[in-house]
Amino acid sequence: MFDIADEALESSILAMLEEIETLLRDGVASADPLVTEAAQHLVVAGGKRFRPMLVAVGGQLTAGSGHDAAAQRELVLAAAVVELTHLATLYHDDVMDEAAVRRGAPSANQRWSNSIAILVGDYLFARAADLAADLGPEAVRIQSRTFARLVHGQIAETVGPRGDDPIAHYLQVVADKTASLIATSARFGGMFGGAEPAQVSALAEFGETIGVAFQLSDDLLDISSDSAASGKTPGTDLRKGVPTLPVLYAQAGTDADAASVRLREILASGPVEDEAQVVEALGLLRESAALKRARETVRWYAEQARATLAPLPDVSARRTLASLCDLIVDRTG
């Protein structure tokens, strides 16, 4: 997703990502072969590595001619901490969602069992905390508070709005469950890359805001994407009854035209299980004011994220972060 601004920066980040991959594989190894196999299951399956990339890019804001070996090691450790934390949540999410596939491979709960998947997720959280301890007490504090926000977000998503405005509730869930760890990724990049405190705060704010935009753009892709181009099956959230932002906007709408009324009728039932209705709902959503409003919301968050970069030095790393704002908007049309 990153449009890296120049070759020197790209070379530095790619070298760091290689070190991160090695640490991820080695860092989850256990004396128990089953634990090692299950813990490495999602590591070797790959992924976007969005969070480690944010650590790496944020860590280059003040690099100049490059970091020394100690600073480079801290950035690699920090990237592994956030990625292991993220992977741990995926093991738990797949149990809660009864998922059969993750990253093109059978999910851990499908391959082993729900109990094993939960315990391996706990193990990954523990390994993340262990690596954070090598970075000092402040890193441990930040990681643990981020973990608390992740849990709060998951609980809020599970129990629902409880009388609150559904849209405000959903945006808070996104901030806690997704954006909090992205904010920590950007913060760690600045902290261990030698940035000034004000710059570290700006990076954290950028991560929080772009993290919301990132998740909301995924919501839109579930509706607007072409499966052949994106590799995703459109309508997955509709089938599961997941109330993403375009759906919430549609449900809150009051337009009386036939298309809007029909869309609200389909969405009122929760999970859309009839395949013909999934196709109909996708068609109506793609032409709806709700989708347009959701796109505008993504654009607003992306522009807010861009504005947070103002205190950062005008270097390639900052320009790379700014390009992420454009890429997130562009991917959703």
# chains A, B, ... in the order shown; residues from 1 in each chain; ligands from 1
>>> select_by_dssp(residues="stretch 77-212 of chain A", states="strand (DSSP E)", output="MDAnalysis selection string")
chainID A and resid 101:102 105:106
>>> residues_around(residues="A:Ala71", least_positions_apart="3", cutoff="9 Å", atoms="only C-alpha atoms", output="PDB file with N, CA, C and O atoms, in the first residue's frame")
ATOM      1  N   HIS A  67      20.566   4.704  10.622  1.00  0.00           N
ATOM      2  CA  HIS A  67      20.622   4.436  12.048  1.00  0.00           C
ATOM      3  C   HIS A  67      21.827   3.555  12.373  1.00  0.00           C
ATOM      4  O   HIS A  67      22.293   2.788  11.528  1.00  0.00           O
ATOM      5  N   ASP A  68      22.270   3.650  13.629  1.00  0.00           N
ATOM      6  CA  ASP A  68      23.278   2.691  14.052  1.00  0.00           C
ATOM      7  C   ASP A  68      22.613   1.348  14.320  1.00  0.00           C
ATOM      8  O   ASP A  68      21.381   1.217  14.283  1.00  0.00           O
ATOM      9  N   GLU A  74      16.206  -1.887  17.599  1.00  0.00           N
ATOM     10  CA  GLU A  74      15.014  -1.475  18.341  1.00  0.00           C
ATOM     11  C   GLU A  74      13.811  -1.315  17.414  1.00  0.00           C
ATOM     12  O   GLU A  74      12.690  -1.698  17.770  1.00  0.00           O
ATOM     13  N   LEU A  75      14.034  -0.757  16.239  1.00  0.00           N
ATOM     14  CA  LEU A  75      12.934  -0.610  15.283  1.00  0.00           C
ATOM     15  C   LEU A  75      12.409  -1.969  14.840  1.00  0.00           C
ATOM     16  O   LEU A  75      11.195  -2.169  14.709  1.00  0.00           O
ATOM     17  N   VAL A  76      13.307  -2.912  14.611  1.00  0.00           N
ATOM     18  CA  VAL A  76      12.888  -4.259  14.213  1.00  0.00           C
ATOM     19  C   VAL A  76      12.096  -4.917  15.339  1.00  0.00           C
ATOM     20  O   VAL A  76      11.043  -5.535  15.106  1.00  0.00           O
ATOM     21  N   PHE A 192      11.582   5.003  18.456  1.00  0.00           N
ATOM     22  CA  PHE A 192      12.835   4.267  18.322  1.00  0.00           C
ATOM     23  C   PHE A 192      13.649   4.694  17.102  1.00  0.00           C
ATOM     24  O   PHE A 192      14.752   4.199  16.891  1.00  0.00           O
ATOM     25  N   GLY A 193      13.079   5.640  16.341  1.00  0.00           N
ATOM     26  CA  GLY A 193      13.841   6.224  15.241  1.00  0.00           C
ATOM     27  C   GLY A 193      14.500   7.530  15.615  1.00  0.00           C
ATOM     28  O   GLY A 193      15.134   8.166  14.772  1.00  0.00           O
ATOM     29  N   GLY A 194      14.304   7.963  16.875  1.00  0.00           N
ATOM     30  CA  GLY A 194      14.985   9.167  17.342  1.00  0.00           C
ATOM     31  C   GLY A 194      14.261  10.464  17.078  1.00  0.00           C
ATOM     32  O   GLY A 194      14.875  11.537  17.125  1.00  0.00           O
TER      33      GLY A 194
END
>>> closest_residue(among="A:Leu131, A:Ala168, A:Val261, A:Ala202", to="A:Leu248", atoms="only C-alpha atoms")
A:Ala168
>>> closest_residue(among="A:Ala310, A:Arg331, A:Gly47, A:Leu150", to="A:Ser201", atoms="only C-alpha atoms")
A:Ala310
>>> residues_around(residues="A:His86", least_positions_apart="2", cutoff="10 Å", atoms="only C-alpha atoms", output="short mmCIF file (atom, residue, chain, number, x, y, z; two decimals) with N, CA and C atoms, in the first residue's frame")
data_model
loop_
_atom_site.label_atom_id
_atom_site.label_comp_id
_atom_site.auth_asym_id
_atom_site.auth_seq_id
_atom_site.Cartn_x
_atom_site.Cartn_y
_atom_site.Cartn_z
N ARG A 49 1.65 -6.72 6.13
CA ARG A 49 2.66 -6.18 7.06
C ARG A 49 2.54 -4.65 7.14
N ARG A 51 1.45 -2.72 9.56
CA ARG A 51 1.92 -2.14 10.82
C ARG A 51 3.44 -2.11 10.91
N ALA A 80 8.11 -6.05 15.29
CA ALA A 80 7.68 -7.40 15.63
C ALA A 80 6.64 -7.37 16.74
N VAL A 81 6.78 -6.47 17.69
CA VAL A 81 5.80 -6.35 18.78
C VAL A 81 4.41 -6.06 18.23
N VAL A 82 4.31 -5.06 17.34
CA VAL A 82 2.98 -4.70 16.84
C VAL A 82 2.42 -5.78 15.92
N GLU A 83 3.27 -6.42 15.14
CA GLU A 83 2.75 -7.45 14.23
C GLU A 83 2.31 -8.69 15.00
N LEU A 84 3.05 -9.09 16.03
CA LEU A 84 2.64 -10.24 16.84
C LEU A 84 1.35 -9.94 17.58
N ALA A 88 -2.02 -12.09 16.97
CA ALA A 88 -2.74 -12.70 18.09
C ALA A 88 -4.23 -12.40 18.00
N THR A 89 -4.58 -11.15 17.64
CA THR A 89 -6.00 -10.80 17.53
C THR A 89 -6.68 -11.59 16.41
N LEU A 90 -5.92 -11.91 15.35
CA LEU A 90 -6.51 -12.66 14.24
C LEU A 90 -6.88 -14.07 14.66
N TYR A 91 -6.04 -14.72 15.48
CA TYR A 91 -6.37 -16.05 16.00
C TYR A 91 -7.67 -15.98 16.79
N GLY A 121 -3.15 -17.69 20.32
CA GLY A 121 -3.30 -16.23 20.34
C GLY A 121 -2.76 -15.64 21.63
N LEU A 124 0.99 -15.64 21.52
CA LEU A 124 1.55 -14.56 20.71
C LEU A 124 1.51 -13.23 21.45
N PHE A 125 0.43 -12.99 22.20
CA PHE A 125 0.40 -11.78 23.02
C PHE A 125 1.56 -11.79 24.02
N ALA A 128 4.78 -11.02 22.28
CA ALA A 128 4.86 -9.59 21.98
C ALA A 128 5.28 -8.80 23.22
N PHE A 147 -3.27 -2.96 23.90
CA PHE A 147 -3.97 -4.23 24.04
C PHE A 147 -5.32 -4.03 24.73
N LEU A 150 -7.72 -2.65 22.25
CA LEU A 150 -8.16 -3.70 21.33
C LEU A 150 -9.29 -4.52 21.95
N THR A 178 -9.01 -1.31 15.57
CA THR A 178 -8.07 -1.27 14.44
C THR A 178 -7.06 -0.14 14.55
N LEU A 181 -3.81 0.10 17.29
CA LEU A 181 -2.54 -0.59 17.04
C LEU A 181 -1.77 0.07 15.90
N ILE A 182 -2.48 0.62 14.94
CA ILE A 182 -1.81 1.36 13.86
C ILE A 182 -1.17 2.63 14.42
#
>>> residues_around(residues="A:Thr320", least_positions_apart="5", cutoff="8 Å", atoms="only C-alpha atoms", output="compact mmCIF listing (two decimals) with C-alpha atoms, in the first residue's frame")
# COMPACT_ATOMS: atom_id res chain seq x y z
CA PHE A 2 2.97 2.33 0.43
CA ASP A 3 4.34 4.45 -2.40
CA ILE A 4 7.92 4.77 -1.13
CA ALA A 5 9.33 8.15 -2.07
CA VAL A 57 8.75 4.39 7.63
>>> residues_around(residues="A:Gly58", least_positions_apart="6", cutoff="7 Å", atoms="only C-alpha atoms", output="CSV table (one decimal) with N, CA and C atoms, in the first residue's frame")
chain,number,residue,atom,x,y,z
A,186,ALA,N,2.9,3.6,14.4
A,186,ALA,CA,3.6,4.9,14.0
A,186,ALA,C,4.3,5.5,15.1
A,189,GLY,N,7.6,3.8,15.6
A,189,GLY,CA,8.6,4.2,14.6
A,189,GLY,C,9.3,5.5,15.0
A,190,GLY,N,8.5,6.5,15.5
A,190,GLY,CA,9.1,7.8,15.9
A,190,GLY,C,10.0,7.6,17.1
A,317,ALA,N,10.5,10.1,4.1
A,317,ALA,CA,9.6,9.3,4.9
A,317,ALA,C,8.3,10.0,5.1
>>> atom_distance(atom1="atom CA of A:Ile142", atom2="atom CA of A:Gly46")
25.5 Å
>>> closest_residue(among="A:Ala15, A:Val35, A:Ala213, A:Leu263", to="A:Ile118", atoms="only C-alpha atoms")
A:Val35
